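Enquirer: Sharing a structure below in structure tokens format, with a few things to ask.
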Amino acid sequence: MNKNRVKGHELGEVTCPTGFNWTNLKAELRAIWESSIKAWKIELAYPVSFLRQSVSPLIILLPFLIYGMVLVGGRYSENLERMVGTGDVVTFIFTGYVIMGFIGTAVWAMGFSIRGEQWFGTLESIFVTPTSRLSLVLGMALHSTVHQSIGTAVEFAIIYAVFGLGLKIGGILPALGIFVLMMLALYGFGILVSALSLVLKEGWIVAEGLHSIMMILSPVVYPLVVLPTVAQQASAIFPTAPALVGMRVFLIENYQPEVIGNIFLHLLALDAAWILFGILVFHLTDIYVRKKGSLEKY
Amino acid sequence: MDYTEDDGTYSIQTFDLTKRFTKKKHRGIFGFLRKERKQRKQQSESSRVTVALDHINIKIRSGELFGLLGPNGAGKTTLVKCLSTILIPDKGTAVVNGFDIRKQTSMVRASLGLVIGGERTLYWKLTARDNLMYFASLYKMPRNQAKERVEELLEKMQLSDRADERLEDYSTGMRQKIAIARSLLHDPSILLLDEPTLGLDPTFSKQIRGQIRELSDKHGKTILLTTHYMDEADQLCDRVAFINDGKVVAVDDPDSLKATVKETELVEITCFNPPLDVERHLKSLCPGVDIITLVHGDETKGNPSKIKIIGGNAEEHISTAIDALRKKNVRISSLNVGVPTLEDVFIKLTGAKLAEGEGRG
Amino acid sequence: MPRNVLLQSSAKSNFFIVWSEVVKNLKFLLAYPIVFVFWAIFPIFWFIPFVLQGQAFVGGLQSPSFGEVAGTEEFIPFIILGAILNSYVLTSLYGMGESIRREAYRGTLDYILSSPCNKAFILIGKALSESFSSTLYAISQLAISILFFGMELTLGIIMPVIFIIILLILGLYGLALILAAASLRYKQAHDMAHALEYVFYVFSPVRYPVASLPLWGQIIGRLLPLTYALIAVRSLILLKQNLPAIYLEILALLIIDGIMILTGFYLFNWMEEKTKTSGTISHY
């Protein structure tokens with residue numbers, strides 16, 4: 001374990017596993033798990049806040065639903081059916097909106113978890129441990145994904161009970177596959193935002209900007225075809241556009257996607273690109289803040 | 001980096017370690033519109049750079065309890081942060097437990113335990129046990145081993161009975177004990193303790209000093225302790241380094257350092273109510289003395305102030321100084337001759353008081 | 001017993017408190033120009049999805065079924081006005097609480113609270129500066145909407161619209177005071193602000209008319225000042241009505257304003273006294 005020392009030191013034994021090996025990988029995975037558990041414990045220390053956050057996805061969805069239904073005077077839209085083969089606005093909005101929640105997870109919960117540690121004052125303490133910084137971010141990502149999933153489940157149960165949803169049960173598994181691929185790319189995106197949040201004093205503005213742009217360029221509450229052509233093309237760089245189209249194909253009866261292509265390949269390519277880009281920027285900002293000495297500053 | 005001086009017996013060794021910080025000057029929102037003359041710009045740029053560490057070279061032997069002494073802003077914390085890989089130095093490097101802080105960051109992090117200043121380095125919303133268990137996972141300890149170790153450390157810190165309380169209900173001293181326990185989780189051979197007793201009451205300070213001594217004596221840890229309490233360093237450290245303005249001024253064991261101030265070179269007058277210009281006034285009356293300095297005591301609480309006359313022929317000026325003080329209605333309570341403290345040595349070497357200075361420590 | 005501190009000190013000194021607070025907050029605002037630009041432009045991005053959603057669902061810019069409940073078939077100006085007025089709610093819900101939290105974080109809260117002046121005037125100062133910046137943001141958003149989304153605005157209705165907005169802001173001040181009172185005592189007042197935001201978001205006609213809600217939802221909606229302000233402003237701008245035609249909304253706003261401001265002042269003074277005795281100020 002005590003490899004590559006500067007000279008033949010007979011110094012203290014280093015017991016922590018490091019490098020590329022199974023023991024170290026196991027230790028990193030455990031650190032990811034424990035970081036997520038820690039985030040849960042802190043979150044549950046504020047029970048009111050937790051309850052509020054569990055219902056908030058539903059609350060934010062309601063205006064989109066009611067507005068949509070008022071526009072078409074019911075839940076059937078002839079125009080929507082002409083565009084994508086299904087006119088059921090409730091199912092269309094719901095499937096899109098679920099994804100929107102996870103965009104928020106990647107940008108805010110994950111991207112700003114590091115900033116949260118800075119606020120607690122614990123950032124230096126966790127950064128000085130031998131655990132990889134990415135594991136720390138991923139631990140917080142795990143927490144926020146589970147958190148968002150709980151909110152989504154509450155939302156699904158209520159919307160299903162009140163409105164009913166025309167979903168194909170058989171399509172759930174492949175849709176989940178697409179969902180996982182999308183989340184991987186969003187993790188890459190979250191890593192990028194967490195890096196930016198460390199360097200930029202007003203990092204939340206960048207995050208909010210990216211969030212809003214991604215929201216507009218994703219077919220959350222409308223099909224992509226209503227966007228100008230340039231915007232449709234630009235949407236291909238975010239995982240949410242192909243993922244939403246793909247998930248709707250599997251989940252919604254008669255859904256004929258407005259934009260088609262090899263969704264799986266597209267998502268895999270985006271996964272690789274966003275994760276690598278995220279890690280690269282994270283690595284560079286880590287060096288930058290350590291050189292600049294701005295780690296502890298809020 | 002040339003490691004040729006490294007003979008392998010040092011746990012920590014720095015090589016010309018240098019760190020500068022550039023302070024951003026606030027120019028207001030329309031600052032970019034203002035034109036600055038080139039010369040003025042260059043001038044203001046140089047004044048914005050603070051040299052926190054200036055070619056630091058220190059060697060700390062394995063098992064040594066090494067004190068780093070200096071006023072606030074001297075560069076102590078910056079040195080600790082560089083050694084613990086939180087900061088990357090601008091120039092030079094250091095070798096910690098045989099690993100280069102620039103190239104082998106994970107190994108350096110795995111080699112040391114760190115206690116840094118600040119109240120909030122732990123999660124206040126978690127219990128002491130939860131905090132320690134979490135950090136144990138970040139130090140990559142297997143769960144069972146971590147559990148045992150956490151119990152052992154809680155016991156050692158005499159906090160077992162309160163282990164399941166949230167830290168927000170702890171006192172500052174108790175939280176500091178948990179911070180020390182955290183640094184010991186992975187049983188590192190090196191500990192970096194940055195002002196571990198700062199802000200603690202005397203009882204907790206004493207307990208923590210006892211633990212530091214024990215970690216050094218019984219467990220053979222190499223400890224780098226930064227402090228601006230001279231007594232603490234004198235009491236605990238095998239060797240101390242004085243650091244001022246980012247430079248190491250002297251390194252030696254406390255006794256040898258104190259021996260550099262000769263008996264005739266030090267007079268300490270303990271008194272109440274000295275006038276503010278007393279330093280200047282006495283200096284004009286006592287030629288040939290290096291330094292005359294006033295260390296304010298909290299007189300409202302009955303702690304007297306001290307006037308120190310250091311260097312040259314200090315002893316010869318006792319009567320002159322006392323007469324002058326009496327004339328100024330200063331109440332003198334005692335007089336010490338030739339019993340130097342580390343603070344006196346520091347003052348003699350730097351001309352600065354330890355309580356002076358502001359900013360980055 | 002809480003005293004009626006409104007009558008306690010001279011009007012001149014109270015005006016000075018409000019003035020200094022406004023100046024201080026505006027200086028903070030100018031110290032962060034990016035934040036300023038953000039709020040002036042970004043809320044537009046939040047209603048773009050609603051615009052596109054409308055176009056996708058109805059295939060044009062007018063919806064007959066929307067017109068049946070809203071009185072206007074043009075849904076885009078409807079939601080633009082909703083979003084702009086709603087931003088006043090957001091700033092009063094979060095602006096003041098945020099401002100108090102910032103003081104606590106900077107360590108200045110204890111000094112402010114231990115000063116001999118009536119703290120409610122400090123809050124008024126904070127609220128005024130929030131309103132001032134909100135209005136700047138609203139003007140910018142409106143200008144963008146006129147340029148890019150085909151909003152129309154005739155000069156003649158500007159004064160009546162400003163009058164309605166002032167009535168809305170007064171009611172929101174009361175609400176902000178209630179929240180400020182809560183944040184002095186409860187650490188989780190932030191969650192209360194969020195809960196209130198949700199109530200406004202769902203039950204007032206920001207994106208759709210109140211009539212599209214179930215009856216119980218309409219009743220809740222009718223208790224909120226934003227509901228009347230939105231109906232009034234839309235009547236003025238979209239339905240080209242004049243002030244006398246919306247006298248009922250104006251009356252409702254005046255009543256809600258009165259109730260909220262009095263409750264706010266009373267609660268805040270009461271909570272401040274209580275906090276002084278139990279000592280939980282700035283415990284974050």
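Letters for chains follow the order of the structure tokens (A, B, ...), residue numbers begin at 1 for each chain, and ligand numbers begin at 1 in the order shown.
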Considering only C-alpha atoms, extract the chain C residues located within 7 Å of chain A and return them as an MDAnalysis selection string.
Expert: chainID C and resid 45:46 49 52:54 56:59 63 65:66 191 198 202 207:208 212
Enquirer: Enumerate, in order of chain and increasing residue number, the residues of chain B with an atom no farther than 7 Å from chain A, each with its shortest atom pair and distance in Å to one decimal, counting only C-alpha atoms, as CSV.
Expert:
residue,atom,partner,partner_atom,distance
B:Gly8,CA,A:His9,CA,4.8
B:Thr9,CA,A:His9,CA,6.8
B:Ser11,CA,A:Leu11,CA,6.8
B:Ser84,CA,A:Val128,CA,6.6
B:Thr85,CA,A:Val128,CA,7.0
B:Ile86,CA,A:Arg290,CA,5.9
B:Leu87,CA,A:Arg290,CA,4.3
B:Ile88,CA,A:Lys291,CA,4.8
B:Pro89,CA,A:Lys291,CA,6.8
B:Asn97,CA,A:Leu11,CA,6.0
B:Gly98,CA,A:Arg5,CA,5.0
B:Phe99,CA,A:Arg5,CA,5.4
B:Ser106,CA,A:Pro130,CA,5.1
B:Arg109,CA,A:Pro130,CA,5.1
B:Ala110,CA,A:Pro130,CA,5.3
B:Ser111,CA,A:Val14,CA,5.6
B:Arg120,CA,A:Gly121,CA,5.0
B:Thr121,CA,A:Thr122,CA,4.5
B:Leu122,CA,A:Thr122,CA,5.8
B:Tyr123,CA,A:Phe120,CA,7.0
B:Lys125,CA,A:Ile42,CA,5.8
B:Leu126,CA,A:Ile42,CA,6.6
B:Tyr134,CA,A:Glu34,CA,6.2
B:Ser137,CA,A:Ala31,CA,5.3
B:Leu138,CA,A:Thr131,CA,5.4
B:Tyr139,CA,A:Thr129,CA,5.9
B:Lys140,CA,A:Ala27,CA,5.1
B:Ser189,CA,A:Gly12,CA,5.0
Enquirer: Kindly export the residues of the current selection with N, CA, C and O atoms, as an mmCIF file, in the first residue's frame.
Expert:
data_model
loop_
_atom_site.group_PDB
_atom_site.id
_atom_site.type_symbol
_atom_site.label_atom_id
_atom_site.label_comp_id
_atom_site.auth_asym_id
_atom_site.auth_seq_id
_atom_site.Cartn_x
_atom_site.Cartn_y
_atom_site.Cartn_z
ATOM 1 N N GLY B 8 14.838 10.700 4.960
ATOM 2 C CA GLY B 8 13.907 9.622 5.256
ATOM 3 C C GLY B 8 13.473 9.504 6.701
ATOM 4 O O GLY B 8 12.769 8.580 7.060
ATOM 5 N N THR B 9 13.903 10.400 7.554
ATOM 6 C CA THR B 9 13.476 10.276 8.949
ATOM 7 C C THR B 9 12.462 11.348 9.309
ATOM 8 O O THR B 9 12.046 11.447 10.441
ATOM 9 N N SER B 11 8.739 13.053 9.032
ATOM 10 C CA SER B 11 7.354 12.771 8.645
ATOM 11 C C SER B 11 6.827 13.879 7.762
ATOM 12 O O SER B 11 6.011 13.649 6.879
ATOM 13 N N SER B 84 -2.247 19.637 3.977
ATOM 14 C CA SER B 84 -3.373 18.694 3.941
ATOM 15 C C SER B 84 -4.036 18.658 2.563
ATOM 16 O O SER B 84 -5.120 18.118 2.412
ATOM 17 N N THR B 85 -3.404 19.250 1.564
ATOM 18 C CA THR B 85 -3.848 19.251 0.160
ATOM 19 C C THR B 85 -5.119 20.064 -0.102
ATOM 20 O O THR B 85 -5.693 19.986 -1.185
ATOM 21 N N ILE B 86 -5.557 20.837 0.881
ATOM 22 C CA ILE B 86 -6.717 21.705 0.633
ATOM 23 C C ILE B 86 -6.286 22.839 -0.298
ATOM 24 O O ILE B 86 -7.061 23.306 -1.123
ATOM 25 N N LEU B 87 -5.044 23.267 -0.149
ATOM 26 C CA LEU B 87 -4.506 24.310 -1.024
ATOM 27 C C LEU B 87 -3.328 23.758 -1.826
ATOM 28 O O LEU B 87 -2.589 22.902 -1.333
ATOM 29 N N ILE B 88 -3.183 24.245 -3.036
ATOM 30 C CA ILE B 88 -2.006 23.880 -3.830
ATOM 31 C C ILE B 88 -1.017 25.040 -3.741
ATOM 32 O O ILE B 88 -1.390 26.185 -4.006
ATOM 33 N N PRO B 89 0.227 24.757 -3.328
ATOM 34 C CA PRO B 89 1.187 25.870 -3.225
ATOM 35 C C PRO B 89 1.534 26.445 -4.594
ATOM 36 O O PRO B 89 1.385 25.761 -5.610
ATOM 37 N N ASN B 97 4.593 12.139 5.218
ATOM 38 C CA ASN B 97 4.645 10.687 5.367
ATOM 39 C C ASN B 97 5.259 10.026 4.128
ATOM 40 O O ASN B 97 4.875 8.925 3.736
ATOM 41 N N GLY B 98 6.181 10.740 3.499
ATOM 42 C CA GLY B 98 6.851 10.172 2.331
ATOM 43 C C GLY B 98 6.124 10.406 1.020
ATOM 44 O O GLY B 98 6.539 9.909 -0.017
ATOM 45 N N PHE B 99 5.018 11.147 1.050
ATOM 46 C CA PHE B 99 4.259 11.382 -0.179
ATOM 47 C C PHE B 99 4.266 12.868 -0.530
ATOM 48 O O PHE B 99 4.117 13.713 0.349
ATOM 49 N N SER B 106 -4.026 11.600 -2.691
ATOM 50 C CA SER B 106 -4.821 10.610 -1.945
ATOM 51 C C SER B 106 -3.998 9.992 -0.829
ATOM 52 O O SER B 106 -4.493 9.774 0.278
ATOM 53 N N ARG B 109 -3.662 12.452 1.967
ATOM 54 C CA ARG B 109 -4.916 12.556 2.719
ATOM 55 C C ARG B 109 -5.121 11.332 3.609
ATOM 56 O O ARG B 109 -5.638 11.448 4.724
ATOM 57 N N ALA B 110 -4.727 10.164 3.101
ATOM 58 C CA ALA B 110 -4.894 8.943 3.890
ATOM 59 C C ALA B 110 -3.907 8.890 5.051
ATOM 60 O O ALA B 110 -4.114 8.186 6.029
ATOM 61 N N SER B 111 -2.832 9.666 4.936
ATOM 62 C CA SER B 111 -1.777 9.595 5.957
ATOM 63 C C SER B 111 -2.045 10.479 7.158
ATOM 64 O O SER B 111 -1.409 10.331 8.181
ATOM 65 N N ARG B 120 -17.938 25.076 12.689
ATOM 66 C CA ARG B 120 -18.871 24.227 11.963
ATOM 67 C C ARG B 120 -18.185 23.253 11.019
ATOM 68 O O ARG B 120 -18.532 23.176 9.856
ATOM 69 N N THR B 121 -17.226 22.510 11.511
ATOM 70 C CA THR B 121 -16.596 21.562 10.600
ATOM 71 C C THR B 121 -17.253 20.185 10.703
ATOM 72 O O THR B 121 -16.819 19.249 10.071
ATOM 73 N N LEU B 122 -18.265 20.099 11.543
ATOM 74 C CA LEU B 122 -19.019 18.840 11.674
ATOM 75 C C LEU B 122 -20.481 19.137 11.356
ATOM 76 O O LEU B 122 -20.889 20.286 11.298
ATOM 77 N N TYR B 123 -21.271 18.082 11.195
ATOM 78 C CA TYR B 123 -22.690 18.285 10.900
ATOM 79 C C TYR B 123 -23.463 18.435 12.210
ATOM 80 O O TYR B 123 -23.596 17.484 12.965
ATOM 81 N N LYS B 125 -26.543 18.841 12.681
ATOM 82 C CA LYS B 125 -27.857 18.175 12.699
ATOM 83 C C LYS B 125 -27.720 16.670 12.893
ATOM 84 O O LYS B 125 -28.710 15.967 12.973
ATOM 85 N N LEU B 126 -26.482 16.171 12.910
ATOM 86 C CA LEU B 126 -26.275 14.740 13.137
ATOM 87 C C LEU B 126 -25.752 14.519 14.549
ATOM 88 O O LEU B 126 -25.176 15.420 15.161
ATOM 89 N N TYR B 134 -19.979 8.498 9.686
ATOM 90 C CA TYR B 134 -19.935 8.999 8.311
ATOM 91 C C TYR B 134 -18.491 9.261 7.874
ATOM 92 O O TYR B 134 -18.050 8.819 6.811
ATOM 93 N N SER B 137 -16.520 6.274 7.046
ATOM 94 C CA SER B 137 -16.721 5.735 5.701
ATOM 95 C C SER B 137 -15.909 6.523 4.677
ATOM 96 O O SER B 137 -15.413 5.966 3.702
ATOM 97 N N LEU B 138 -15.760 7.835 4.917
ATOM 98 C CA LEU B 138 -14.949 8.625 3.988
ATOM 99 C C LEU B 138 -13.454 8.312 4.145
ATOM 100 O O LEU B 138 -12.674 8.541 3.228
ATOM 101 N N TYR B 139 -13.078 7.797 5.340
ATOM 102 C CA TYR B 139 -11.697 7.332 5.498
ATOM 103 C C TYR B 139 -11.593 5.863 5.129
ATOM 104 O O TYR B 139 -10.634 5.177 5.491
ATOM 105 N N LYS B 140 -12.643 5.388 4.435
ATOM 106 C CA LYS B 140 -12.650 4.068 3.807
ATOM 107 C C LYS B 140 -12.464 2.918 4.793
ATOM 108 O O LYS B 140 -11.774 1.935 4.500
ATOM 109 N N SER B 189 -0.692 8.384 11.167
ATOM 110 C CA SER B 189 0.556 8.563 11.916
ATOM 111 C C SER B 189 0.855 10.049 12.110
ATOM 112 O O SER B 189 1.667 10.420 12.937
#
Enquirer: Please identify all polymer residues within 9 Å of C:Cys117, counting only C-alpha atoms, omitting same-chain residues fewer than 5 positions from it, and present them as a list in words.
Expert: Ser9, Ser13, Asn14, Ile17, Ile112 and Ile122 of chain C
Enquirer: Excluding B:Thr222 and residues on its chain fewer than 2 positions from it, collect all residues at most 6 Å away from it, counting only C-alpha atoms, and give them as a list in words.
Expert: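 These residues fall inside the cut-off: Ser62, Gly63, Glu64, Leu65 and Ile190 of chain B.
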Enquirer: Store the residues of this selection in a file with N, CA, C and O atoms, as a tab-separated table (two decimals), in the first residue's frame.
Expert:
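part_20.tsv, freshly written:
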chain	number	residue	atom	x	y	z
B	62	SER	N	9.66	12.09	12.71
B	62	SER	CA	8.60	11.15	13.07
B	62	SER	C	8.45	11.11	14.58
B	62	SER	O	9.43	11.02	15.30
B	63	GLY	N	7.21	11.19	15.05
B	63	GLY	CA	6.94	11.10	16.48
B	63	GLY	C	7.13	12.41	17.21
B	63	GLY	O	6.95	12.48	18.43
B	64	GLU	N	7.46	13.46	16.50
B	64	GLU	CA	7.73	14.74	17.15
B	64	GLU	C	6.44	15.55	17.33
B	64	GLU	O	5.54	15.47	16.50
B	65	LEU	N	6.38	16.29	18.42
B	65	LEU	CA	5.28	17.24	18.60
B	65	LEU	C	5.83	18.62	18.29
B	65	LEU	O	6.60	19.19	19.06
B	190	ILE	N	0.17	10.89	11.32
B	190	ILE	CA	0.44	12.33	11.41
B	190	ILE	C	-0.84	13.09	11.73
B	190	ILE	O	-1.89	12.80	11.14
Enquirer: Could you name the residues that touch A:Ala273 at 12 Å or less, counting only C-alpha atoms, but leaving out those on the same chain fewer than 5 positions away, as a PyMOL selection string?
Expert: chain A and resi 184-189+192+237-239+266-268+278-280
Enquirer: For C-alpha atoms, I'd like the residues from the last selection saved as a PDB file, in the first residue's frame.
Expert:
ATOM      1  CA  LEU A 184     -26.589   9.068 -16.272  1.00  0.00           C
ATOM      2  CA  ALA A 185     -26.243  12.017 -18.602  1.00  0.00           C
ATOM      3  CA  LEU A 186     -28.028  14.252 -16.098  1.00  0.00           C
ATOM      4  CA  TYR A 187     -25.508  13.137 -13.451  1.00  0.00           C
ATOM      5  CA  GLY A 188     -22.770  14.342 -15.768  1.00  0.00           C
ATOM      6  CA  PHE A 189     -24.656  17.593 -16.031  1.00  0.00           C
ATOM      7  CA  LEU A 192     -20.724  20.128 -14.131  1.00  0.00           C
ATOM      8  CA  ILE A 237     -27.542  17.985 -26.869  1.00  0.00           C
ATOM      9  CA  PHE A 238     -29.662  17.504 -23.754  1.00  0.00           C
ATOM     10  CA  PRO A 239     -30.628  13.966 -22.728  1.00  0.00           C
ATOM     11  CA  HIS A 266     -28.247   8.916 -28.917  1.00  0.00           C
ATOM     12  CA  LEU A 267     -28.578   8.656 -25.141  1.00  0.00           C
ATOM     13  CA  LEU A 268     -25.453   6.518 -24.791  1.00  0.00           C
ATOM     14  CA  GLY A 278     -18.693  17.074 -16.214  1.00  0.00           C
ATOM     15  CA  ILE A 279     -15.742  15.215 -14.703  1.00  0.00           C
ATOM     16  CA  LEU A 280     -13.244  17.254 -16.704  1.00  0.00           C
TER      17      LEU A 280
END
Enquirer: Counting only C-alpha atoms, which residues from chain C have an atom at most 10 Å from any atom of chain B, and could you show them as an MDAnalysis selection string?
Expert: chainID C and resid 30:33
Enquirer: One decimal, in Å: what's the spacing between atom CA of C:Pro77 and atom CA of C:Thr227?
Expert: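 That distance, rounded to one decimal, is 16.3 Å.
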Enquirer: Which residues come within 12 Å of B:Ser319, counting only C-alpha atoms, excluding same-chain residues fewer than 5 positions away, as a ChimeraX atom specification?
Expert: /B:267,269,282,285-286,314,324-326,335
Enquirer: Run DSSP on the backbone and give me the residues of stretch 5-106 of chain A it puts in helix (DSSP H, G or I), as a PyMOL selection string.
Expert: chain A and resi 22-44+47-72+78-84+89-106
Enquirer: Selection from above, C-alpha atoms, as a PDB file, in the first residue's frame, can you write it?
Expert:
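Output file result-v2.pdb is given in full below:
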ATOM      1  CA  TRP A  22     -11.560  -3.983  -5.668  1.00  0.00           C
ATOM      2  CA  THR A  23     -11.048  -2.985  -1.998  1.00  0.00           C
ATOM      3  CA  ASN A  24     -10.833   0.668  -2.934  1.00  0.00           C
ATOM      4  CA  LEU A  25     -13.812   0.474  -5.267  1.00  0.00           C
ATOM      5  CA  LYS A  26     -15.843  -1.136  -2.474  1.00  0.00           C
ATOM      6  CA  ALA A  27     -14.761   1.615  -0.086  1.00  0.00           C
ATOM      7  CA  GLU A  28     -15.727   4.323  -2.589  1.00  0.00           C
ATOM      8  CA  LEU A  29     -19.138   2.699  -3.127  1.00  0.00           C
ATOM      9  CA  ARG A  30     -19.662   2.597   0.610  1.00  0.00           C
ATOM     10  CA  ALA A  31     -18.726   6.278   0.830  1.00  0.00           C
ATOM     11  CA  ILE A  32     -21.327   7.040  -1.865  1.00  0.00           C
ATOM     12  CA  TRP A  33     -23.939   5.098   0.100  1.00  0.00           C
ATOM     13  CA  GLU A  34     -23.025   6.692   3.438  1.00  0.00           C
ATOM     14  CA  SER A  35     -23.027  10.187   1.894  1.00  0.00           C
ATOM     15  CA  SER A  36     -26.542   9.573   0.673  1.00  0.00           C
ATOM     16  CA  ILE A  37     -27.640   8.252   4.089  1.00  0.00           C
ATOM     17  CA  LYS A  38     -26.064  11.278   5.749  1.00  0.00           C
ATOM     18  CA  ALA A  39     -27.987  13.602   3.428  1.00  0.00           C
ATOM     19  CA  TRP A  40     -31.191  11.766   4.381  1.00  0.00           C
ATOM     20  CA  LYS A  41     -30.479  12.120   8.089  1.00  0.00           C
ATOM     21  CA  ILE A  42     -29.879  15.850   7.741  1.00  0.00           C
ATOM     22  CA  GLU A  43     -32.963  16.233   5.602  1.00  0.00           C
ATOM     23  CA  LEU A  44     -35.176  14.347   8.025  1.00  0.00           C
ATOM     24  CA  PRO A  47     -39.504  17.140   8.908  1.00  0.00           C
ATOM     25  CA  VAL A  48     -41.704  20.045   7.781  1.00  0.00           C
ATOM     26  CA  SER A  49     -39.354  20.819   4.958  1.00  0.00           C
ATOM     27  CA  PHE A  50     -39.278  17.177   3.952  1.00  0.00           C
ATOM     28  CA  LEU A  51     -43.073  16.966   3.834  1.00  0.00           C
ATOM     29  CA  ARG A  52     -43.286  20.125   1.811  1.00  0.00           C
ATOM     30  CA  GLN A  53     -40.734  18.886  -0.683  1.00  0.00           C
ATOM     31  CA  SER A  54     -42.608  15.620  -1.047  1.00  0.00           C
ATOM     32  CA  VAL A  55     -45.773  17.360  -2.194  1.00  0.00           C
ATOM     33  CA  SER A  56     -44.121  20.149  -4.156  1.00  0.00           C
ATOM     34  CA  PRO A  57     -43.789  18.174  -7.446  1.00  0.00           C
ATOM     35  CA  LEU A  58     -47.555  17.697  -7.405  1.00  0.00           C
ATOM     36  CA  ILE A  59     -48.215  21.348  -6.661  1.00  0.00           C
ATOM     37  CA  ILE A  60     -45.989  22.554  -9.477  1.00  0.00           C
ATOM     38  CA  LEU A  61     -47.620  20.095 -11.888  1.00  0.00           C
ATOM     39  CA  LEU A  62     -51.184  21.262 -11.177  1.00  0.00           C
ATOM     40  CA  PRO A  63     -51.024  24.618 -13.021  1.00  0.00           C
ATOM     41  CA  PHE A  64     -49.651  22.897 -16.137  1.00  0.00           C
ATOM     42  CA  LEU A  65     -52.508  20.395 -15.996  1.00  0.00           C
ATOM     43  CA  ILE A  66     -55.321  22.827 -15.223  1.00  0.00           C
ATOM     44  CA  TYR A  67     -54.020  25.350 -17.746  1.00  0.00           C
ATOM     45  CA  GLY A  68     -53.786  22.641 -20.406  1.00  0.00           C
ATOM     46  CA  MET A  69     -57.285  21.421 -19.685  1.00  0.00           C
ATOM     47  CA  VAL A  70     -58.768  24.930 -19.686  1.00  0.00           C
ATOM     48  CA  LEU A  71     -57.110  25.598 -23.040  1.00  0.00           C
ATOM     49  CA  VAL A  72     -58.740  22.612 -24.725  1.00  0.00           C
ATOM     50  CA  GLU A  78     -57.246  17.661 -31.467  1.00  0.00           C
ATOM     51  CA  ASN A  79     -54.123  19.596 -32.355  1.00  0.00           C
ATOM     52  CA  LEU A  80     -51.929  17.500 -30.096  1.00  0.00           C
ATOM     53  CA  GLU A  81     -53.333  14.325 -31.629  1.00  0.00           C
ATOM     54  CA  ARG A  82     -52.550  15.632 -35.085  1.00  0.00           C
ATOM     55  CA  MET A  83     -48.964  16.216 -34.046  1.00  0.00           C
ATOM     56  CA  VAL A  84     -48.151  13.119 -31.988  1.00  0.00           C
ATOM     57  CA  VAL A  89     -53.261  16.150 -22.575  1.00  0.00           C
ATOM     58  CA  VAL A  90     -53.192  14.817 -18.994  1.00  0.00           C
ATOM     59  CA  THR A  91     -51.090  11.758 -19.823  1.00  0.00           C
ATOM     60  CA  PHE A  92     -48.916  13.806 -22.157  1.00  0.00           C
ATOM     61  CA  ILE A  93     -48.213  16.505 -19.571  1.00  0.00           C
ATOM     62  CA  PHE A  94     -47.731  14.035 -16.741  1.00  0.00           C
ATOM     63  CA  THR A  95     -45.144  11.913 -18.565  1.00  0.00           C
ATOM     64  CA  GLY A  96     -43.240  15.037 -19.523  1.00  0.00           C
ATOM     65  CA  TYR A  97     -43.489  16.630 -16.158  1.00  0.00           C
ATOM     66  CA  VAL A  98     -42.069  13.612 -14.325  1.00  0.00           C
ATOM     67  CA  ILE A  99     -38.866  14.106 -16.279  1.00  0.00           C
ATOM     68  CA  MET A 100     -38.811  17.808 -15.545  1.00  0.00           C
ATOM     69  CA  GLY A 101     -38.565  16.967 -11.848  1.00  0.00           C
ATOM     70  CA  PHE A 102     -35.385  15.018 -12.477  1.00  0.00           C
ATOM     71  CA  ILE A 103     -33.845  17.897 -14.421  1.00  0.00           C
ATOM     72  CA  GLY A 104     -34.355  19.911 -11.257  1.00  0.00           C
ATOM     73  CA  THR A 105     -32.719  17.142  -9.234  1.00  0.00           C
ATOM     74  CA  ALA A 106     -29.600  17.157 -11.364  1.00  0.00           C
TER      75      ALA A 106
END
Enquirer: List the spatial neighbours of C:Leu175 as a list of chain:residue names - criterion: any atom at most 8 Å away, only C-alpha atoms, same-chain residues fewer than 5 positions off excluded.
Expert: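 Close residues of C:Leu175: C:Ser92, C:Leu93, C:Met260, C:Ile261, C:Gly264.
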Enquirer: Take the selection from the previous step and output its residues with C-alpha atoms, as a compact mmCIF listing (two decimals), in the first residue's frame.
Expert:
# COMPACT_ATOMS: atom_id res chain seq x y z
CA SER C 92 -42.64 39.69 -0.86
CA LEU C 93 -42.71 36.05 0.23
CA MET C 260 -53.39 41.94 6.34
CA ILE C 261 -51.47 45.06 7.32
CA GLY C 264 -49.00 41.84 10.16
Enquirer: Run DSSP on the backbone and grab whatever in stretch 112-180 of chain B lands in strand (DSSP E or B); send it over as a list of chain:residue names.
Expert: B:Leu112, B:Gly113, B:Leu114, B:Val115, B:Thr127, B:Arg166
Enquirer: Tell me which of C:Leu142, C:Leu167, C:Val51, C:Phe15 sits closest to C:Ile255, counting only C-alpha atoms.
Expert: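 Under the stated criterion, the closest residue is C:Leu167.
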